[in-house]
Structures are given as structure tokens and as C-alpha cells.
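J.: One structure follows; several queries about it will come next.
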Amino acid sequence: MLRVVLVDDEEPAIRLLEIRLGTYKGVIVAGTFMDAEEAMEAIRKGGIDAVFLDIHMPGINGMVASEIITGAFPDIDIIFVTAFEQYAIEAFERNAVDYVLKPPVPGRLDMTIERLLWRQKARRNEVAVIGNAVALPFKEQAGESALYCFGRFRWVVDGREGEPVKWRRTKDRELMAYLTHNRNSFVPKETLLEALWPGADPEQSTAYLYTCFHHIRKLMKRFGCRETLESGTDGYQLLPNQAISCLQRALQVNPFPDDLNETLLTAYAQAGDRYAMIRHYTQFVNLLHVELDIRPMESTVRLYQHYSEGSAFFEAST
């Protein structure tokens with residue numbers, strides 16, 4: 001069950017939110033408070049998963065309260081509920097999970113609750129799956145590092161004795177997790193904005209997306225990652241290593257050389273990305289057929305068949 005508390009100095013607003021949250025299976029409103037200090041006293045007793053916070057309140061406002069709560073209980077999720085749109089980016093900078101405008105409508109709350117339940121499940125599964133986590137390898141100057149994609153998304157650097165990388169903001173980690181899940185694929189900016197900042201002002205959220213992008217790039221540079229984070233006119237792409245990035249750029253200029261395409265197939269296989277390898281080969285075959293009415297060289301076909309077999313692909317990726 002997801003246990004939440006509501007904090008708002010306006011009684012009609014807090015009662016409406018309580019009623020609407022009560023319609024969701026798996027959600028329990030564990031307390032309602034019109035004062036942030038009283039709410040924090042209840043939160044300190046434990047057992048709370050998320051806090052719905054108003055921003056403008058007498059005494060301690062919602063922004064300050066969120067910092068105190070997340071500082072003491074980093075696993076508690078914060079959702080700001082307010083009548084003012086202009087605080088959305090500041091709220092996300094304070095690691096808010098969501099930003100909901102008053103009055104909260106059921107359709108919009110569906111997104112919030114779905115995200116909260118997913119995060120709760122991920123936290124509970126994190127310890128259980130850590131021993132079986134699938135890691136995407138990075139190379140770091142002081143040693144190996146890895147991205148763990150089960151449970152809570154983590155970036156672990158062995159040079160730090162297995163300590164996860166400390167993210168400056170929650171949205172930096174969420175962006176990296178989203179791009180890792182879609183690695184080798186170009187992700188449109190609009191898709192990222194809707195996934196990470198639903199309902200926020202497009203201009204403000206776009207500015208924050210740029211900030212997160214540059215924070216991640218700085219981290220990757222610091223750890224000497226082979227992977228590259230590329231930006232285009234309307235989106236972003238995480239590439240598994242610089243060799244792949246260079247090959248892709250070369251093939252954008254001239255997509256026909258068989259030797260370059262074979263090298264890229266091998267690079268995908270060695271990176272352990274079977275999907276990207278198959279996708280590239282399919283696109284190459286279609287390109288040759290449509291533009292030149294020919295088939296790939298026999299060596300390219302044999303190479304693809306070798307890598308597309310399960311055992312051969314495993315050998316290439318180890």
C-alpha cells in the first residue's frame with residue numbers, strides 16, 4: 001500500500017484531494033495537515049511513502065518543507081499541488097516527483113499515482129534484485145563502472161568501492177535512466193518533456209532539460225565513459241561508445257560502404273546491443289535494395305548471421 005499525507009492550509013482543497021485520492025486502489029491517506037510543521041512531526045514517526053504539498057502556506061512554505069523532508073527521508077516522494085504554474089521548474093529542481101495544478105483532476109492524478117506506485121515498487125525490489133542486476137558496462141579512469149537497470153536506477157563506479165554516483169538532481173538520474181533504456185535510439189525532446197515534466201510549462205521544462213543534459217555530460221566526462229550522449233535539433237541519444245558514434249556519423253555522410261557497416265555491426269555486438277545490431281542491418285539491406293537494387297556483400301551477410309545467433313552474439317559481447 002502507498003501511504004501518503006496531504007499538507008495544505010486551505011481546507012476545501014485538502015478535502016477535495018483526500019476524496020479523489022481515496023478512489024485509488026492501493027493508496028491510503030495516512031493524514032491531512034494544514035500546517036507543515038505538524039505534518040513533519042507525523043512524517044518523522046515513519047511509514048509514509050509520499051507527501052502532497054501546497055507551496056504557499058503560512059510559517060514553513062512547501063518549498064522549504066520539501067527540503068527538510070527529503071533531507072531527513074530521501075525515499076519519501078514529494079508532489080507539489082498548487083494553483084501557481086510558475087513554480088514548476090523550481091519544484092523539479094528540488095527533486096519533486098510531480099507538480100499538479102489545483103484543482104487536481106482525476107485524469108491528471110492517474111499519472112501521478114501510477115508514477116508513485118512504480119517508484120514504490122522499484123524501491124522495494126531494489127535490494128531483492130541487486131544480486132541479479134543487469135549492468136551496462138562503462139569504462140572509468142579508476143576502474144570499471146556500471147549502470148544497473150533493475151529496481152532503482154543506479155550508476156555504480158568500482159573506483160568508489162561500489163558506491164552509486166551521487167546525482168545532483170532526481171531529474172538528472174531520470175533522464176539518464178530514460179536514455180539508457182532507449183540507448184542507440186534517438187529520443188525526441190517532446191517525448192522527454194512529457195515523460196519527465198508532465199504538465200509543466202514547455203519553455204521552462206525545456207530549459208531544465210538542457211541543464212540536466214549538461215550535468216550528465218559532465219559526469220560522463222569525469223568518469224572517462226566510453227559512452228557518448230549526443231544531442232540533435234529535436235532530441236537526444238545515448239550511444240554505447242565513441243567508436244559507434246564516429247561510425248554512425250561517417251555513415252550519415254556515405255551510408256553505402258560495406259566495410260564501415262560491418263564494423264558498426266561488430267561494434268553493436270561487442271557493446272551487447274543485439275536490437276541495434278539487427279535494426280542497423282535491416283536498414284542497410286533496405287537502403288541497398290531501394291537505392292541501388294543490390295544485396296549486401298556475402299561477407300556482410302555472414303557476419304550478421306554469425307552475430308544474430310545467440311551463442312555467437314554472447315561471445316562478441318563478452
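Simple scheme: letters A, B, ... for chains in C-alpha cells order, numbers from 1 for residues in each chain, numbers from 1 for ligands in the order shown.
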Quick one: residues within 8 Å of Met57 (chain A), only C-alpha atoms, excluding same-chain residues fewer than 4 positions away - as a PDB file with N, CA, C and O atoms, in the first residue's frame?
T.:
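Below is the file that was written, selection_12.pdb:
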ATOM      1  N   ASP A   8      -1.920  21.229   3.233  1.00  0.00           N
ATOM      2  CA  ASP A   8      -2.467  22.394   2.543  1.00  0.00           C
ATOM      3  C   ASP A   8      -3.197  23.236   3.575  1.00  0.00           C
ATOM      4  O   ASP A   8      -3.941  22.693   4.418  1.00  0.00           O
ATOM      5  N   ASP A   9      -3.004  24.552   3.549  1.00  0.00           N
ATOM      6  CA  ASP A   9      -3.643  25.417   4.548  1.00  0.00           C
ATOM      7  C   ASP A   9      -5.077  25.771   4.175  1.00  0.00           C
ATOM      8  O   ASP A   9      -5.758  26.469   4.934  1.00  0.00           O
ATOM      9  N   ASP A  35      -0.804  22.547   8.448  1.00  0.00           N
ATOM     10  CA  ASP A  35       0.414  23.197   8.895  1.00  0.00           C
ATOM     11  C   ASP A  35       1.588  22.272   8.595  1.00  0.00           C
ATOM     12  O   ASP A  35       1.566  21.090   8.942  1.00  0.00           O
ATOM     13  N   ALA A  36       2.630  22.800   7.962  1.00  0.00           N
ATOM     14  CA  ALA A  36       3.755  21.962   7.541  1.00  0.00           C
ATOM     15  C   ALA A  36       4.511  21.379   8.728  1.00  0.00           C
ATOM     16  O   ALA A  36       4.983  20.232   8.674  1.00  0.00           O
ATOM     17  N   ASN A  61       6.800  27.258   4.241  1.00  0.00           N
ATOM     18  CA  ASN A  61       6.104  27.013   2.976  1.00  0.00           C
ATOM     19  C   ASN A  61       6.496  25.653   2.405  1.00  0.00           C
ATOM     20  O   ASN A  61       7.380  24.961   2.922  1.00  0.00           O
ATOM     21  N   GLY A  62       5.830  25.286   1.326  1.00  0.00           N
ATOM     22  CA  GLY A  62       6.026  23.950   0.774  1.00  0.00           C
ATOM     23  C   GLY A  62       7.427  23.697   0.263  1.00  0.00           C
ATOM     24  O   GLY A  62       7.949  22.584   0.390  1.00  0.00           O
TER      25      GLY A  62
END
J.: When you look at Tyr275 (chain A) with a cut-off of 10 Å (counting only C-alpha atoms), what residues show up, excluding the ones that are within fewer than 4 positions of it in the same chain? I need them as a ChimeraX atom specification.
T.: /A:184,268-269,279-280,308
J.: Keeping only all heavy atoms, take the residues you just selected and write them out as a compact mmCIF listing (two decimals), in the first residue's frame.
T.:
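Full text of selection03.txt as output:
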# COMPACT_ATOMS: atom_id res chain seq x y z
N ASN A 184 20.97 3.98 -28.07
CA ASN A 184 21.13 3.86 -29.52
C ASN A 184 19.93 4.38 -30.30
O ASN A 184 19.94 4.37 -31.52
CB ASN A 184 21.41 2.41 -29.96
CG ASN A 184 22.75 1.91 -29.47
OD1 ASN A 184 23.73 2.63 -29.52
ND2 ASN A 184 22.78 0.68 -28.98
N TYR A 268 28.23 -2.86 -32.37
CA TYR A 268 26.98 -3.09 -31.66
C TYR A 268 27.03 -4.43 -30.91
O TYR A 268 26.60 -4.54 -29.76
CB TYR A 268 25.80 -3.09 -32.62
CG TYR A 268 25.32 -1.72 -33.04
CD1 TYR A 268 25.01 -1.45 -34.37
CD2 TYR A 268 25.15 -0.71 -32.10
CE1 TYR A 268 24.56 -0.19 -34.76
CE2 TYR A 268 24.71 0.54 -32.47
CZ TYR A 268 24.41 0.80 -33.80
OH TYR A 268 23.96 2.04 -34.18
N ALA A 269 27.54 -5.47 -31.58
CA ALA A 269 27.61 -6.79 -30.95
C ALA A 269 28.52 -6.76 -29.74
O ALA A 269 28.20 -7.31 -28.68
CB ALA A 269 28.09 -7.82 -31.96
N ARG A 279 18.61 -3.91 -36.09
CA ARG A 279 17.96 -2.76 -36.71
C ARG A 279 18.85 -2.14 -37.79
O ARG A 279 18.38 -1.82 -38.89
CB ARG A 279 17.63 -1.71 -35.64
CG ARG A 279 16.92 -0.47 -36.19
CD ARG A 279 16.71 0.56 -35.09
NE ARG A 279 17.99 0.98 -34.55
CZ ARG A 279 18.14 1.76 -33.49
NH1 ARG A 279 17.08 2.15 -32.83
NH2 ARG A 279 19.34 2.12 -33.06
N HIS A 280 20.13 -2.00 -37.48
CA HIS A 280 21.03 -1.38 -38.47
C HIS A 280 21.16 -2.27 -39.71
O HIS A 280 21.14 -1.75 -40.85
CB HIS A 280 22.41 -1.14 -37.87
CG HIS A 280 23.36 -0.54 -38.86
ND1 HIS A 280 23.30 0.79 -39.25
CD2 HIS A 280 24.37 -1.09 -39.59
CE1 HIS A 280 24.21 1.02 -40.16
NE2 HIS A 280 24.89 -0.09 -40.39
N SER A 308 23.85 -12.69 -35.14
CA SER A 308 22.43 -12.84 -34.79
C SER A 308 22.14 -14.16 -34.08
O SER A 308 21.08 -14.33 -33.48
CB SER A 308 21.55 -12.73 -36.04
OG SER A 308 21.86 -13.76 -36.97
J.: Can you work out which one of A:Met297, A:Ile14, A:Ile68, A:Val7 has the shortest atom-to-atom distance to Pro103 (chain A), counting only C-alpha atoms?
T.: A:Ile14
J.: Extract, using only C-alpha atoms, all DNA, RNA and protein residues at most 9 Å from region 195-202 of chain A, discarding same-chain residues fewer than 3 positions from it, and format them as a PyMOL selection string.
T.: chain A and resi 85-86+88-89+92+97-101+108+111+171+174-175+178+190-192+205-207+209
J.: Measuring between only C-alpha atoms, which one of A:Met63, A:Leu2, A:Val29, A:Leu179 shows the shortest distance to Leu116 (chain A)?
T.: A:Leu2
J.: So which one's closest to Lys218 (chain A), A:Trp167, A:Phe80, A:Tyr87, A:Phe284? Using only C-alpha atoms, please.
T.: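 Closest to Lys218 (chain A) of all the choices is A:Trp167.
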J.: Do a neighbour search on Asp77 (chain A) at 8 Å with only C-alpha atoms, toss out local chain neighbours closer than 4 positions, and write the hits as a ChimeraX atom specification.
T.: /A:49-51,70,96-97,116
J.: Output C-alpha atoms for every residue in the selection just made, as an mmCIF file, in the first residue's frame.
T.:
data_model
loop_
_atom_site.group_PDB
_atom_site.id
_atom_site.type_symbol
_atom_site.label_atom_id
_atom_site.label_comp_id
_atom_site.auth_asym_id
_atom_site.auth_seq_id
_atom_site.Cartn_x
_atom_site.Cartn_y
_atom_site.Cartn_z
ATOM 1 C CA ASP A 49 5.742 6.962 1.202
ATOM 2 C CA ALA A 50 4.720 10.302 -0.314
ATOM 3 C CA VAL A 51 3.691 13.831 0.644
ATOM 4 C CA THR A 70 13.832 14.894 1.613
ATOM 5 C CA ALA A 96 9.769 16.732 -6.734
ATOM 6 C CA VAL A 97 8.229 13.658 -8.345
ATOM 7 C CA LEU A 116 4.286 6.858 -7.241
#
J.: Using only C-alpha atoms, find the one residue out of A:Leu303, A:Leu265, A:Ile278, A:Val105 that sits nearest to Leu17 (chain A).
T.: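 Residue with the minimum atom-to-atom distance to Leu17 (chain A): A:Val105.
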J.: Closest to Gln237 (chain A) among A:Val187, A:Ile28, A:Ala13, A:Val290, using only C-alpha atoms?
T.: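 Ranking A:Val187, A:Ile28, A:Ala13, A:Val290 by distance to Gln237 (chain A), first place goes to A:Val187.
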J.: In Å, with one decimal, what is the gap from CA of Phe73 (chain A) to CA of Gly107 (chain A)?
T.: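 For CA of Phe73 (chain A) relative to CA of Gly107 (chain A), the distance reads 28.8 Å.
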